[in-house]
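Notes follow once the structure below has been shown.
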Amino acid sequence: MRREDKVSVLEQMRNNRSYSIPVAAAALTAALMLSFLCSIFYCFWAGEVANIVEEEGDWQGRITGTLTEEDLAVLRSFGNVKSAVVSAGSEPSGRTGEITVDILLYHPRRIYGDMPLLADKLGLTTQAISYHTLLLSRYLIHDPADKEPPRLLTVYLVILTLAALSLVLIIHNAFGVSMQAKVRQLGILSGIGATPRQIRVYLMKEAAALCIAPAAVGYAAGVGLGAAVVSAMKRMAERVTGAYAMDFTLHPAVAAADAALIVLTVACSAWIPARKLSRLTPLEAVRNAGELHPGQGNFRSPVLAKLFGIEGELAGSALKAQKKSLRMSSLSLTLSFLGFTLMLCLFTLSQISTRHTYFERYQEAWDVMATIGGTKLADFAAAPELEACRSLAGADNVAAYQKATAAGLIPAEAVSEELEAVSGEVEAFSEEPEEISEEVEAPGSPETAAGMRKVHTSLIVLDDETFLAYCESAGITPGLDGAVILNQVWDSVNSSFRYKSYIPFLKETQEAIYLQSADERFPDSVSEGKREAEGGKGVAIPILGYTREALLLREEYEDNALVQFVPLSLWETIEEAIGGAEDDMYIRILAEDRENPAALDKLEEQVTKLLAGWQEAEVENRISEKENNDDLIAGYQIILGGLCGILALAGIANVWAYTMGFLRQRRREFARYLSIGMTPDGLCRMFAVEAFVIAGRPLLITLPLTTLIVAYMIKASYLNPMEFVAEAPWLPVLGFYMIIVLCVALAYGVSVSRILRHPLTETLRDDTMI
Amino acid sequence: MELLQCEKVSKVYGSGSSQVTALDGIDLTVNRGEFVAIVGASGSGKSTLLHILGTVEQPTEGRVTIEGTDLSALNAAQAAVFRRRKVGLIYQSYNLIPTMTVERNICMPLLLDRKKPDRERLERIVTSLGIQDKLGALPGQLSGGQQQRAAIARSLLYCPALLLADEPTGNLDRKNSREIVDMLKLSNRNYGQTILLVTHDEKIALEADRIITIADGRIAADEKRR
């Protein structure tokens, strides 16, 4: 841009601040959103790639076979091979002599062509080749033969493209209105011989001058926001067990692509109206300068006329005449408010639900929890750590347990009357009784299988100390040779899953229960001999007592299963016969000071240290988990709320662009009203109605839609509507809406004050407006 | 019987070296039922005078009274209501609202007063102006002459004390100009409407009962023709 052009454009901007500000705001919004999305997506992508490399290794292709040093030399001498190293842990085995070579290429896009060539050179078949498809897919390299390759990066790119296109649609209107404001000037230029190209260049230069600074600020702010979000996510991830913590990085190429995308978006947004205006003839341009040109159609607004009288009718017809200019602001404001309100409502519902099903429900059940993967309770109980846990300072109660499943056979007459009454609808039984073969005996059971019913059985294997204490608390004579039956089943007929009521499962007349493997390999028709031979032998275990009070553990006991608590001593004797134990075991600790976050943190730290020798041990505490959950939701809310805020900003910028951009035309319109006797108060009322409609539309659309969706969600999740009403995000939603209302009102207020400040006679005299 | 009286009316725009005196001590009286043409060169102050009479503008000095109401004592809202009820303004550019039908445009001053138009009077006026079949159209669908007729109908519907027309034929061809002037004359004769018509066109001015010539913000001549 030449210096004199710059001066001229800057002068124009100074003289037309009311038109320039919305354009600058639109450019800033677009740049902020795009650079935020780019930086966030890049970090997600880079984090994903680092995670894949860490977990699966840094290689693109692999060749497995009996390879010699010479073969490796052949591989390395191949033009596209960057490195070929023997995979860690794949030294030649004595039996096969096979090794795996990890290969990285200079040009990975050629991998699906080069790897077969490499195999061929080594005299191997394509069976010897494997590809790191997940890693390659992150670079948009897909196996041509794969019809459904992983598409994460494609999804990122599609979202970015859609975001850029949406922004073009949203912000081009601000440019259009700004350019429209000087259409008369363009008409004069055209009249004295400026070509459409010259006019386009002039408009684009002006757009560039207007947008460079705000786009740069938006770019930097977007990157900063991205860094802040990634950093917050990293802090959260570090606290959440098993979550991958990513760092904020911005590759120079991504930064450059991001800048290019912003330039392209802003340029397209400016180009659309510039192209349209450059095609106007001088006469059209001069005519367009004076009037809002509504075209044909019905501009009556009976509702507004009824509500607000003639001012409402005039406002309605003005809005209808300009609906194209206002479409994007209406869309942005409505979408932002709808998105914000729905997001907060759904998060509130989710929080209520999580609290009911998790935090409140297990409030009393745990303080610190350790999960040890791939470990049997028996092995852990034999180690000193369990006792060490019990003697930890701050630990009040420690329970170690493991879960297992089995199938139970119970006599039909032992089923409670309450369950019988609803048994057609409550899924407590595996099969109908008649499906059990009459020939199968149930050794050890007081009954034969005939006439017995098969039930799902969930076993909670407790360390002996905990089991004995539980027996005492349940009023059952303690013993280590039998099980305690949790005699209840969810009455799904008469209660919802949210507010469950239970009925007795059994009549409590049985003294023993027959258990067998839940493994499907051993249906009841399998003979006892075969079952025994294959390790699926059943056992009968004595019942020490029945209870309706479950041991408080952080467990969702199966609603339709017969839950049994079994001491470890007994389990060790029956495990072999019925199997079905899960791989993990758990340690549940109740703290002495349950509501003190510092005490729980300390206890968690001590347990972590104690279990350092156990691989796959993960420790968490109740309060910090709740905080993590709250942080996570807050994080989501900040990101989604921020996006809604950016969208609202675009809408507000459009409203400003409209009110300021059409000032000249509206002056003429109002001069007309004033000349036939409309009072300034009437004018203000008319403006107020317009602002009311623009700001009211998002509310009018959002309220019924949100009510419907939330009502549906409440019904589907069986929540108490009043509970939602009490916790609904009224204040943030009201605050967000009030910001929209205030910004729209301010735009109209400034506009009306400018119109009224301008002498009416000057407008009426201005012949150019004819 | 006096309808309008101007006493030493002056209007000055700007200040210091850029000060322009548009009207300089105008004294003028117009009687009820008169058809007055105001002529003068461009920039002579004739439109300024019309705007002051139409309460669109306030004089810098002097006093204007219409039907006993001192216009300088009116605030903006009162002036608007006065303009709506007592003055009909007709402009060269018609000033019709493009998004409303011709009928709504004509009824606008009444609607602003929350009043229902008298259908009989409306029909009589539009029929006499020859636009009875255009009531449902938008202004953009009418010719210039038809639009100006609609503007005249609007100014007549409220039975204003004074009709002020600022170059009402400026955008029209000779035939349409002739017809508009005829209609104004008809309105003057049939309804006894007082009319002040600003024009450049001497032939049109000659249709009036009285011709006032303004030059440099002063009344240079005041000729009664009938």
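Convention: chains lettered A, B, ... in structure tokens order; per-chain residue numbering from 1; ligands numbered from 1 as shown.
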
Please identify all residues of chain B having at least one atom at most 7 Å from any atom of chain A, considering only C-alpha atoms, and return them as a PyMOL selection string.
chain B and resi 56-57+77+80-81+83-84+89+93+95+99-100+109+111-112

Would you pick out the contacts of Gly25 of chain B at 12 Å or less, using only C-alpha atoms, so that residues sharing its chain but fewer than 4 positions from it are not included, and give the list as a short mmCIF file (atom, residue, chain, number, x, y, z; two decimals) with C-alpha atoms, in the first residue's frame?
```cif
data_model
loop_
_atom_site.label_atom_id
_atom_site.label_comp_id
_atom_site.auth_asym_id
_atom_site.auth_seq_id
_atom_site.Cartn_x
_atom_site.Cartn_y
_atom_site.Cartn_z
CA CYS B 6 -43.98 36.46 11.25
CA GLU B 7 -42.41 39.33 13.17
CA LYS B 8 -38.76 40.21 12.55
CA VAL B 9 -37.87 36.59 11.90
CA SER B 10 -34.15 35.99 11.41
CA LYS B 11 -32.19 32.82 11.00
CA VAL B 12 -28.42 32.71 11.24
CA THR B 21 -27.71 34.88 7.54
CA GLY B 45 -33.82 31.70 2.32
CA LEU B 49 -38.65 30.25 5.99
CA PRO B 59 -35.74 31.14 14.19
CA THR B 60 -32.67 32.75 15.70
CA GLU B 61 -34.70 35.86 16.37
CA GLY B 62 -38.28 36.98 15.92
CA ARG B 63 -41.66 35.46 16.52
CA VAL B 64 -43.86 33.22 14.42
CA ILE B 214 -37.26 36.62 -1.21
CA ASP B 216 -30.80 37.59 0.56
CA GLY B 217 -33.09 36.59 3.41
CA ARG B 218 -35.44 39.53 3.02
CA ILE B 219 -38.79 40.01 1.36
CA ALA B 220 -37.92 41.79 -1.84
#
```

Which polymer residues have any atom within 9 Å of an atom of segment 720-726 of chain A, counting only C-alpha atoms, with same-chain residues fewer than 3 positions away left out, as a PyMOL selection string?
chain A and resi 345+348-349+352+711+714-715+729-730

Could you tell me, as a PyMOL selection string, which residues of segment 16-74 of chain A DSSP assigns to strand (DSSP E) when given the backbone?
chain A and resi 61-65

How many Å lie between atom CA of Tyr470 of chain A and atom CA of Tyr586 of chain A, rounded to one decimal?
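Between these atoms lies a distance of 16.8 Å.
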
I want to know what sits within 10 Å of segment 123-127 of chain B, based on only C-alpha atoms, with residues of the same chain fewer than 5 positions away left out; could you give that as JSON, numbers by chain?
{"B": [103, 106, 118, 132, 133, 134, 135, 149, 150, 152, 153, 154, 156, 157, 187]}

Just write the chosen residues, N, CA and C atoms, as a JSON list (two decimals), in the first residue's frame.
```
[["chain", "number", "residue", "atom", "x", "y", "z"],
["B", 103, "GLU", "N", -51.81, 3.84, 1.48],
["B", 103, "GLU", "CA", -52.88, 4.17, 2.43],
["B", 103, "GLU", "C", -52.32, 4.46, 3.82],
["B", 106, "ILE", "N", -50.62, 7.76, 3.87],
["B", 106, "ILE", "CA", -51.54, 8.90, 3.91],
["B", 106, "ILE", "C", -52.11, 9.08, 5.32],
["B", 118, "ASP", "N", -60.83, 8.97, 9.01],
["B", 118, "ASP", "CA", -62.22, 9.05, 8.55],
["B", 118, "ASP", "C", -62.24, 8.50, 7.12],
["B", 132, "GLN", "N", -57.03, 6.56, -6.00],
["B", 132, "GLN", "CA", -57.89, 5.66, -5.22],
["B", 132, "GLN", "C", -57.56, 4.20, -5.45],
["B", 133, "ASP", "N", -57.02, 3.89, -6.62],
["B", 133, "ASP", "CA", -56.69, 2.48, -6.91],
["B", 133, "ASP", "C", -55.25, 2.14, -6.54],
["B", 134, "LYS", "N", -54.56, 3.07, -5.91],
["B", 134, "LYS", "CA", -53.14, 2.82, -5.56],
["B", 134, "LYS", "C", -52.94, 2.67, -4.05],
["B", 135, "LEU", "N", -54.03, 2.59, -3.31],
["B", 135, "LEU", "CA", -53.89, 2.62, -1.85],
["B", 135, "LEU", "C", -53.11, 1.42, -1.30],
["B", 149, "ARG", "N", -48.84, 12.94, -5.30],
["B", 149, "ARG", "CA", -50.27, 13.01, -4.96],
["B", 149, "ARG", "C", -50.52, 12.35, -3.61],
["B", 150, "ALA", "N", -49.87, 11.23, -3.40],
["B", 150, "ALA", "CA", -50.02, 10.56, -2.10],
["B", 150, "ALA", "C", -49.53, 11.46, -0.97],
["B", 152, "ILE", "N", -49.51, 14.68, -1.00],
["B", 152, "ILE", "CA", -50.50, 15.76, -0.82],
["B", 152, "ILE", "C", -51.70, 15.22, -0.03],
["B", 153, "ALA", "N", -52.11, 14.03, -0.39],
["B", 153, "ALA", "CA", -53.24, 13.41, 0.34],
["B", 153, "ALA", "C", -52.90, 13.30, 1.82],
["B", 154, "ARG", "N", -51.67, 12.91, 2.12],
["B", 154, "ARG", "CA", -51.25, 12.78, 3.51],
["B", 154, "ARG", "C", -51.35, 14.13, 4.23],
["B", 156, "LEU", "N", -53.26, 16.55, 3.54],
["B", 156, "LEU", "CA", -54.63, 17.10, 3.59],
["B", 156, "LEU", "C", -55.53, 16.35, 4.58],
["B", 157, "LEU", "N", -55.19, 15.11, 4.87],
["B", 157, "LEU", "CA", -56.13, 14.25, 5.61],
["B", 157, "LEU", "C", -56.47, 14.80, 7.00],
["B", 187, "SER", "N", -57.64, 22.19, -3.91],
["B", 187, "SER", "CA", -57.71, 22.05, -2.45],
["B", 187, "SER", "C", -57.91, 23.41, -1.80]]
```

Counting only C-alpha atoms, the option among A:Ser624, A:Arg548, A:Tyr502, A:Ser751 closest to Asn596 of chain A
A:Ser624

Which residues are close to segment 611-614 of chain A, i.e. within 10 Å by only C-alpha atoms, leaving aside same-chain residues fewer than 5 positions away? Reply as a PyMOL selection string.
chain A and resi 370+372-375+380+385-386+389+605-606+619
